[in-house]
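Participant: Below: one structure in structure tokens.
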Amino acid sequence: MPIDVAAIRTEFPTLAREVRGERLVYLDSAATSQTPEAVLAAMERYYRTSRSNVHRGVYLLAEEATDAYEGARTALARLVGADPRGVVFTKNATEACNLIAYGYVRRTLGPGDALLCTVMEHHANMVPFVHAANDRGFEVRYVPVTEDGHLDLAEAARLVADGRVRFAAFTHVSNTLGTINDVPGLAALVRDANPDAVVHVDGTQAVPHLPVDVAALGVDSYALTGHKMFGPTGIGALVADPALLERMEPMLTGGEMIRDVTLTGATWNDVPHRFEAGTPMIAEAAGLTAAVAFLEELGPDAVRAHEVELGATFLAALADADGITVHGPTTMAERGAAISFSVDGVHPHDVGAMLDARGVCVRVGHHCCKPLMRELGINATVRASLHVYNDADDLEPLLDGLAAARAMFAVGRSA
Amino acid sequence: MPIDVAAIRTEFPTLAREVRGERLVYLDSAATSQTPEAVLAAMERYYRTSRSNVHRGVYLLAEEATDAYEGARTALARLVGADPRGVVFTKNATEACNLIAYGYVRRTLGPGDALLCTVMEHHANMVPFVHAANDRGFEVRYVPVTEDGHLDLAEAARLVADGRVRFAAFTHVSNTLGTINDVPGLAALVRDANPDAVVHVDGTQAVPHLPVDVAALGVDSYALTGHKMFGPTGIGALVADPALLERMEPMLTGGEMIRDVTLTGATWNDVPHRFEAGTPMIAEAAGLTAAVAFLEELGPDAVRAHEVELGATFLAALADADGITVHGPTTMAERGAAISFSVDGVHPHDVGAMLDARGVCVRVGHHCCKPLMRELGINATVRASLHVYNDADDLEPLLDGLAAARAMFAVGRSA
Amino acid sequence: MGELDALYEEIILDHYRSPRNRAPGLSGEDAQVHHSNPLCGDELDVRIRIRDGVLDGLAYDGDGCSISLASASAMSVAVLGRPVEDVLGLVEEFRLMMHGEQPGRADDLGDSMVFEGVARFPVRVKCALLGWMALRDAIDTFRRGDDANDVTHEDQHE
Amino acid sequence: MGELDALYEEIILDHYRSPRNRAPGLSGEDAQVHHSNPLCGDELDVRIRIRDGVLDGLAYDGDGCSISLASASAMSVAVLGRPVEDVLGLVEEFRLMMHGEQPGRADDLGDSMVFEGVARFPVRVKCALLGWMALRDAIDTFRRGDDANDVTHEDQHE
Ligand SMILES: Cc1ncc(COP(=O)(O)O)c(C=O)c1O
Ligand SMILES: Cc1ncc(COP(=O)(O)O)c(C=O)c1O
């Protein structure tokens with residue numbers, strides 16, 4: 001079923017809003033997506049009828065709350081082709097990346113070892129590992145980005161050749177360049193050089209947009225976040241091979257995650273509960289289940305097809321517009337629907353303000369990718385990112401705002 | 001203004017529910033509180049009108065979202081008498097305790113140092129420190145609990161006498177015994193022995209029930225959780241002296257919390273943002289602001305007065321009932337409204353089931369206090385905990401269920 | 001209160017009040033295990049004797065709720081005197097029953113059949129299983145040649 | 001689009017398009033600072049000369065949005081030739097204005113007064129302040145006797 005944008009838009013309350021007298025044009029889904037009614041209803045249902053804490057409750061409400069929470073594990077596992085025992089809920093993707101940094105990397109890698117990262121990573125999938133490296137004395141090696149916005153796999157092969165890379169962390173889809181990386185290819189390369197290496201992928205920008213099957217991708221662990229996939233704020237997940245989780249130490253300790261506690265130590269609960277200390281995000285999990293159902297109903301293939309078509313329209317129009325330079329791959333076959341660009345002679349902040357005046361929401365800045373920005377030789381970009389509720393009608397206000405920004409700021413001024 | 005329970009009950013949707021044909025009697029607020037309409041409305045408002053990500057957005061929605069998020073910091077700081085720059089949002093109280101364990105204790109204490117804890121702590125305020133002690137080689141000393149359920153301050157004085165206690169972690173109100181601890185007294189004792197010692201208090205069970213002023217308590221850091229104070233799931237906070245935060249390392253790293261990132265390292269953002277990596281709990285923060293307003297409107301003094309009165313009624317009735325042993329202090333002056341007890345000859349699980357059949361929700365188990373349970377020489381207790389929506393009408397179904405449990409299980413059986 | 005009847009059948013209460021084969025202070029058998037469920041604090045010791053492939057001795061003791069103690073009692077009656085392979089088959093029957101499946105050997109399960117209703121109470125399923133999982137573990141322990149084992153969470157063994 | 005007019009007043013655009021005292025490749029003054037705002041990537045160098053307690057030289061260069069560059073330009077006109085104490089007073093006036101307070105010295109602030117409207121755009125306040133905070137820091141640097149300073153977040157200095 002192709003995506004029916006008009007019908008879909010009615011499910012997202014905020015999209016009906018007017019901003020500064022203009023129709024709201026939301027082009028910032030790579031930062032966070034809008035939330036459909038079904039997700040809000042699922043959270044309300046929990047708060048209004050089953051409000052209680054999970055696990056251990058012997059009364060009906062507590063059983064319902066537990067079912068709502070554990071149901072999210074099953075739903076998410078189904079969406080990404082994983083074992084529910086491998087789904088650990090976190091507050092966001094950043095915590096998921098930190099969890100594997102603390103639970104595995106810091107406990108395993110030391111002097112003489114190396115970790116493979118890439119220059120295009122979001123800070124969330126880079127800083128936890130660099131921080132660990134500085135504390136633990138292992139080396140971080142970076143796969144560079146080619147001129148056309150891809151990971152340089154030839155260089156990656158060279159970087160892993162000595163067999164010392166024991167852990168690799170890279171993104172499935174770049175939030176800045178849009179690049180869809182060859183996850184199985186890079187994972188295989190890492191494992192060819194060291195069969196025991198653990199491969200961790202940041203799937204934050206992939207799950208909301210592409211069919212994802214972690215088994216088929218051949219990765220050991222996969223981070224994602226609820227608020228970018230139609231779900232609520234405050235919930236994310238590390239989806240990992242349960243066997244890897246068994247080898248990991250918990251990061252957060254406290255209630256729920258223990259088997260026994262004495263004054264001198266504690267033993268841990270089973271996987272995945274071992275990694276979920278304290279009262280979890282219960283309402284958020286209920287909302288995430290509804291978000292997964294929403295994605296499944298649309299169909300990840302249909303979502304991708306819609307974005308490929310719409311993304312091509314946007315890319316073509318931006319290529320035609322005066323003074324616009326798009327960063328990252330130029331064809332939709334190689335990329336997702338987050339489109340970063342520079343406007344000649346105009347600072348991204350001014351572009352953002354001109355667009356805001358037209359009701360157009362875009363992100364400007366470094367997109368939490370400072371090392372990549374430095375690589376591109378710029379400080380910031382403008383990023384327009386698309387989702388299922390966008391269509392070609394959203395293009396005109398964008399182009400209009402860009403032209404106005406050029407007229408206002410780029411004229412009569414040397415760049 | 002005294003608490004008007006009938007009026008208040010109408011604000012809590014779940015309380016209108018019938019369970020197994022009986023009126024719902026919710027006596028489990030120490031596990032998690034019910035959520036008032038105003039909190040749900042605040043979250044809806046964010047999701048329906050300002051749905052976007054915080055910080056760095058140059059468009060109106062993002063400014064509104066940022067205001068909603070940062071507004072929660074101001075509101076919470078006001079409620080507990082703290083500096084907003086000292087409020088770090090976490091996903092729950094457990095993360096708050098871990099944050100100080102990672103950010104301060106693990107980076108500061110080592111062999112030769114000691115940490116003071118107590119036997120009555122919830123696992124959240126014990127395991128992170130024990131785990132740190134086992135990794136870092138410092139000693140953990142425990143303040144014992146007296147027969148009547150208080151911390152043994154004479155013994156505490158002995159434990160800190162050698163001046164080696166550099167960090168103290170204890171609870172304001174016990175979630176199992178109900179004891180209200182003498183926080184300023186114990187804090188002074190710790191500081192008398194070592195003026196540089198850092199005092200961390202678990203305020204999870206205090207903030208929803210008592211007036212709290214962290215400045216007056218004289219503590220350096222204070223953990224709390226939203227879902228027990230009428231707020232949403234998925235948000236908690238570490239409220240600390242900004243000067244202490246300045247001396248702490250972040251636990252979670254990634255986006256938002258950095259100042260600059262290079263391939264070899266990162267510098268951290270200002271306090272408190274340094275400790276909030278990734279997209280925060282935006283809707284949850286909006287809900288928490290409404291929860292704070294709800295508490296402020298009721299008035300913490302009025303809440304406490306209501307619980308003192310109602311708690312006394314419950315305590316007296318339980319003292320009169322056959323075969324019931326209440327644990328912890330016996331007068332409301334010394335305790336909060338979480339009342340744990342044993343039913344002679346009946347396993348807590350069976351008590352819970354008998355109560356559930358009557359629509360009465362209580363918690364049974366070790367309440368995440370295994371060391372305390374061992375100290376009390378029992379495996380589990382039944383805990384009935386009260387809040388502003390409870391009144392004396394809730395007593396009868398409880399007593400009725402307890403009598404039925406005794407009749408069914410305790411007869412003709414040697415204990 | 002109709003729901004409660006499914007949980008606390010008369011037969012269950014009878015096993016709870018008059019436990020069979022409960023032996024305070026176990027001793028002198030072939031293999032002993034201690035199982036506990038940290039969530040509710042249930043603790044159970046099970047000791048077994050196996051001769052010529054037959055479970056010819058079983059005693060248990062512990063501290064638990066009515067469901068866990070009654071289940072252990074009913075179990076002891078159902079399994080005593082059976083060949084070990086057969087006992088393991090019954091363990092599996094009971095386990096599946098607790099997960100909502102229709103058991104095929106109702107007659108052999110005997111009084112344990114009344115625990116079928118417990119499957120509707122998810123938090124109590126672990127209670128009903130405690131004795132059975134301890135028994136399975138005791139048999140494993142015997143076969144490994146150990147004589148004692150200590151397990152603090154039956155979940156993982158289920 | 002009425003909102004935008006408050007942000008992009010004609011005077012602001014004029015300072016942006018025809019910057020005063022902008023000097024690519026600064027050199028040879030008494031104290032230099034580099035300020036940047038990591039959130040939007042703005043970078044600004046400010047170099048000052050102080051003689052007999054008077055700010056008698058100021059030049060800046062950088063990469064920033066129209067608001068930050070125009071604000072630096074208008075600032076340079078407002079402060080040049082004033083006694084240092086007076087300059088610090090103006091810095092404080094401007095800072096308070098960016099936080100919504102009415103400035104008392106409208107005449108002395110000159111073109112910088114038009115940035116009053118920016119206070120309504122919280123994310124742009126930092127842009128307008130960038131030059132002023134760098135100037136204050138340059139004066140501090142001079143007084144400390146250093147000749148250079150590098151600050152990556154003006155927030156903390158505000
Ligand atoms: C005293 C005490 N501390 C800490 C916690 C942990 O709170 P949370 O589960 O929200 O992390 C709780 C509640 O479970 C508690 O009662
Ligand atoms: C590629 C990528 N990874 C990680 C993150 C971090 O996600 P979160 O902010 O939910 O932790 C983001 C989004 O900000 C992202 O785009």
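Labels used: A, B, ... for chains in the order of the structure tokens, numbers from 1 for residues in each chain, and numbers from 1 for ligands as shown.
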If the cut-off is 9 Å, can you tell me the residues of chain B near chain C, counting only C-alpha atoms? I'd like them as JSON, numbers by chain.

Facilitator: {"B": [20, 21, 346, 347, 348, 349, 350, 353, 354, 356, 357, 358, 364, 365, 366, 370, 378, 379, 380, 408, 409, 410, 411, 412, 413]}

Participant: Could you turn the residues from that selection into a file that holds N, CA and C atoms, as a PDB file, in the first residue's frame?

Facilitator:
```pdb
ATOM      1  N   ARG B  20     -12.277  -6.459  39.511  1.00  0.00           N
ATOM      2  CA  ARG B  20     -12.931  -7.697  39.924  1.00  0.00           C
ATOM      3  C   ARG B  20     -14.245  -7.395  40.633  1.00  0.00           C
ATOM      4  N   GLY B  21     -14.957  -6.402  40.108  1.00  0.00           N
ATOM      5  CA  GLY B  21     -16.271  -6.076  40.663  1.00  0.00           C
ATOM      6  C   GLY B  21     -16.239  -5.257  41.940  1.00  0.00           C
ATOM      7  N   VAL B 346       0.702 -16.332  57.650  1.00  0.00           N
ATOM      8  CA  VAL B 346       0.278 -16.211  56.246  1.00  0.00           C
ATOM      9  C   VAL B 346       1.410 -15.565  55.440  1.00  0.00           C
ATOM     10  N   HIS B 347       1.736 -16.201  54.348  1.00  0.00           N
ATOM     11  CA  HIS B 347       2.779 -15.675  53.480  1.00  0.00           C
ATOM     12  C   HIS B 347       2.273 -14.392  52.794  1.00  0.00           C
ATOM     13  N   PRO B 348       3.122 -13.366  52.695  1.00  0.00           N
ATOM     14  CA  PRO B 348       2.695 -12.104  52.082  1.00  0.00           C
ATOM     15  C   PRO B 348       2.047 -12.279  50.704  1.00  0.00           C
ATOM     16  N   HIS B 349       2.543 -13.219  49.937  1.00  0.00           N
ATOM     17  CA  HIS B 349       1.948 -13.454  48.622  1.00  0.00           C
ATOM     18  C   HIS B 349       0.468 -13.812  48.734  1.00  0.00           C
ATOM     19  N   ASP B 350       0.163 -14.639  49.709  1.00  0.00           N
ATOM     20  CA  ASP B 350      -1.230 -15.041  49.885  1.00  0.00           C
ATOM     21  C   ASP B 350      -2.070 -13.878  50.399  1.00  0.00           C
ATOM     22  N   ALA B 353      -2.848 -11.722  47.396  1.00  0.00           N
ATOM     23  CA  ALA B 353      -3.880 -12.288  46.519  1.00  0.00           C
ATOM     24  C   ALA B 353      -5.268 -12.121  47.130  1.00  0.00           C
ATOM     25  N   MET B 354      -5.371 -12.314  48.440  1.00  0.00           N
ATOM     26  CA  MET B 354      -6.669 -12.150  49.099  1.00  0.00           C
ATOM     27  C   MET B 354      -7.130 -10.704  49.005  1.00  0.00           C
ATOM     28  N   ASP B 356      -6.159  -8.504  46.639  1.00  0.00           N
ATOM     29  CA  ASP B 356      -6.448  -8.227  45.228  1.00  0.00           C
ATOM     30  C   ASP B 356      -7.885  -8.617  44.892  1.00  0.00           C
ATOM     31  N   ALA B 357      -8.327  -9.725  45.441  1.00  0.00           N
ATOM     32  CA  ALA B 357      -9.688 -10.184  45.164  1.00  0.00           C
ATOM     33  C   ALA B 357     -10.719  -9.178  45.684  1.00  0.00           C
ATOM     34  N   ARG B 358     -10.304  -8.345  46.611  1.00  0.00           N
ATOM     35  CA  ARG B 358     -11.195  -7.305  47.154  1.00  0.00           C
ATOM     36  C   ARG B 358     -10.908  -5.934  46.536  1.00  0.00           C
ATOM     37  N   VAL B 364       3.696  -6.631  48.081  1.00  0.00           N
ATOM     38  CA  VAL B 364       4.253  -7.670  48.942  1.00  0.00           C
ATOM     39  C   VAL B 364       5.631  -8.011  48.413  1.00  0.00           C
ATOM     40  N   GLY B 365       6.553  -8.309  49.295  1.00  0.00           N
ATOM     41  CA  GLY B 365       7.888  -8.675  48.839  1.00  0.00           C
ATOM     42  C   GLY B 365       8.946  -8.029  49.702  1.00  0.00           C
ATOM     43  N   HIS B 366      10.143  -7.912  49.136  1.00  0.00           N
ATOM     44  CA  HIS B 366      11.261  -7.362  49.916  1.00  0.00           C
ATOM     45  C   HIS B 366      11.423  -5.864  49.680  1.00  0.00           C
ATOM     46  N   LYS B 370      16.643  -5.994  50.369  1.00  0.00           N
ATOM     47  CA  LYS B 370      17.001  -7.325  50.849  1.00  0.00           C
ATOM     48  C   LYS B 370      17.872  -7.299  52.104  1.00  0.00           C
ATOM     49  N   ILE B 378      13.138 -11.651  58.102  1.00  0.00           N
ATOM     50  CA  ILE B 378      11.984 -12.096  57.325  1.00  0.00           C
ATOM     51  C   ILE B 378      12.329 -12.046  55.848  1.00  0.00           C
ATOM     52  N   ASN B 379      11.492 -12.684  55.039  1.00  0.00           N
ATOM     53  CA  ASN B 379      11.737 -12.687  53.604  1.00  0.00           C
ATOM     54  C   ASN B 379      10.996 -11.580  52.889  1.00  0.00           C
ATOM     55  N   ALA B 380       9.885 -11.209  53.447  1.00  0.00           N
ATOM     56  CA  ALA B 380       9.006 -10.291  52.730  1.00  0.00           C
ATOM     57  C   ALA B 380       8.008  -9.704  53.713  1.00  0.00           C
ATOM     58  N   MET B 408      -8.253 -18.137  56.199  1.00  0.00           N
ATOM     59  CA  MET B 408      -8.013 -19.142  55.168  1.00  0.00           C
ATOM     60  C   MET B 408      -6.686 -19.860  55.354  1.00  0.00           C
ATOM     61  N   PHE B 409      -5.645 -19.131  55.739  1.00  0.00           N
ATOM     62  CA  PHE B 409      -4.306 -19.730  55.695  1.00  0.00           C
ATOM     63  C   PHE B 409      -3.683 -19.987  57.057  1.00  0.00           C
ATOM     64  N   ALA B 410      -4.093 -19.228  58.066  1.00  0.00           N
ATOM     65  CA  ALA B 410      -3.340 -19.309  59.318  1.00  0.00           C
ATOM     66  C   ALA B 410      -3.936 -20.317  60.280  1.00  0.00           C
ATOM     67  N   VAL B 411      -5.126 -20.817  59.954  1.00  0.00           N
ATOM     68  CA  VAL B 411      -5.782 -21.723  60.893  1.00  0.00           C
ATOM     69  C   VAL B 411      -5.251 -23.147  60.751  1.00  0.00           C
ATOM     70  N   GLY B 412      -5.207 -23.823  61.874  1.00  0.00           N
ATOM     71  CA  GLY B 412      -4.845 -25.234  61.854  1.00  0.00           C
ATOM     72  C   GLY B 412      -3.474 -25.500  61.289  1.00  0.00           C
ATOM     73  N   ARG B 413      -2.593 -24.488  61.383  1.00  0.00           N
ATOM     74  CA  ARG B 413      -1.260 -24.659  60.809  1.00  0.00           C
ATOM     75  C   ARG B 413      -0.260 -24.029  61.760  1.00  0.00           C
TER      76      ARG B 413
END
```

Participant: Give me, as a list in words, the set of residues whose atoms come within 7 Å of any atom of ligand 2, counting only C-alpha atoms and all ligand atoms.

Facilitator: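 Residues satisfying the distance criterion: Ala30, Ala31, Asn92, Ala93, Thr94, Glu95, Glu121, His122, Ala124, Asn125, Thr171, Val173, Ser174, Asn175, Asp202, Gly203, Thr204, Gln205, Thr225, His227 and Gly236 of chain A; Gly255, Gly278 and Thr279 of chain B.
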
Participant: Write out as an mmCIF file with N, CA, C and O atoms, in the first residue's frame the residues lying within 9 Å of Glu85 (chain C), counting only C-alpha atoms and excluding same-chain residues fewer than 5 positions away.

Facilitator:
```cif
data_model
loop_
_atom_site.group_PDB
_atom_site.id
_atom_site.type_symbol
_atom_site.label_atom_id
_atom_site.label_comp_id
_atom_site.auth_asym_id
_atom_site.auth_seq_id
_atom_site.Cartn_x
_atom_site.Cartn_y
_atom_site.Cartn_z
ATOM 1 N N GLY C 53 17.418 -46.127 38.834
ATOM 2 C CA GLY C 53 16.677 -45.304 37.883
ATOM 3 C C GLY C 53 15.293 -44.913 38.338
ATOM 4 O O GLY C 53 14.521 -44.335 37.574
ATOM 5 N N VAL C 54 14.985 -45.186 39.588
ATOM 6 C CA VAL C 54 13.648 -44.837 40.095
ATOM 7 C C VAL C 54 13.793 -43.802 41.214
ATOM 8 O O VAL C 54 14.690 -43.893 42.046
ATOM 9 N N LEU C 90 6.913 -35.667 33.516
ATOM 10 C CA LEU C 90 5.856 -34.993 34.275
ATOM 11 C C LEU C 90 6.231 -33.540 34.577
ATOM 12 O O LEU C 90 5.378 -32.650 34.540
#
```

Participant: With only C-alpha atoms considered, list every residue of chain B at most 7 Å from chain A, as a ChimeraX atom specification.

Facilitator: /B:13-14,17,31-32,34-35,47-53,57-59,91-92,94-95,98,123-124,127-128,130-131,233-234,252-255,261-265,277-283,352-353,356,361,363,368,370-371

Participant: Figure out the distance between CA of Val201 (chain B) and CA of Tyr104 (chain B), please, to one decimal in Å.

Facilitator: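 Taking CA of Tyr104 (chain B) as the start and CA of Val201 (chain B) as the end point, the length is 14.2 Å.
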
Participant: If you measure from CA of Ala333 (chain B) to CA of Leu27 (chain B), what distance in Å do you get, rounded to one decimal?

Facilitator: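 Those two atoms sit 20.3 Å apart.
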
Participant: For the helix (DSSP H, G or I) assignment from backbone DSSP, which residues of region 22-101 of chain C qualify? Please present them as an MDAnalysis selection string.

Facilitator: chainID C and resid 66:79 84:98

Participant: Mind pulling up the distance from CA of His34 (chain C) to CA of Asn149 (chain C)?

Facilitator: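 Value for the CA of Asn149 (chain C)-CA of His34 (chain C) distance: 6.4 Å.
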
Participant: Of the residues A:His55, A:Arg9, A:Arg164, A:Arg107, which is the one nearest to ligand 1, using only C-alpha atoms and all ligand atoms?

Facilitator: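 Between A:His55, A:Arg9, A:Arg164, A:Arg107, the residue approaching ligand 1 most closely is A:His55.
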
Participant: Just want the 10 Å neighbourhood of Arg47 (chain C), counted on only C-alpha atoms, with same-chain residues fewer than 6 positions away dropped. Output as a list in words.

Facilitator: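 These residues fall inside the cut-off: Ala23, Leu26, Ser27, Gly28, Glu29, Asp30, Ala31, Gln32, Val33, His34, Gly57, Leu58, Ala59, Tyr60, Asp61, Ala134, Leu135, Ala138, Ile139, Asp147 and Ala148 of chain C.
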
Participant: Which residues, written as a list in words, have at least one atom at most 10 Å from Arg51 (chain D), with only C-alpha atoms counted and residues fewer than 4 positions away on the same chain left out?

Facilitator: Asp30, Leu55, Asp56, Gly57, Gly81, Pro83 and Val84 of chain D

Participant: Would you mind exporting the chosen residues as a short mmCIF file (atom, residue, chain, number, x, y, z; two decimals), in the first residue's frame, restricted to C-alpha atoms?

Facilitator:
```
data_model
loop_
_atom_site.label_atom_id
_atom_site.label_comp_id
_atom_site.auth_asym_id
_atom_site.auth_seq_id
_atom_site.Cartn_x
_atom_site.Cartn_y
_atom_site.Cartn_z
CA ASP D 30 47.15 44.60 23.03
CA LEU D 55 39.70 51.69 24.46
CA ASP D 56 41.34 53.31 21.51
CA GLY D 57 41.53 50.35 19.17
CA GLY D 81 37.21 55.78 22.16
CA PRO D 83 37.13 54.83 28.86
CA VAL D 84 37.35 51.13 29.71
#
```
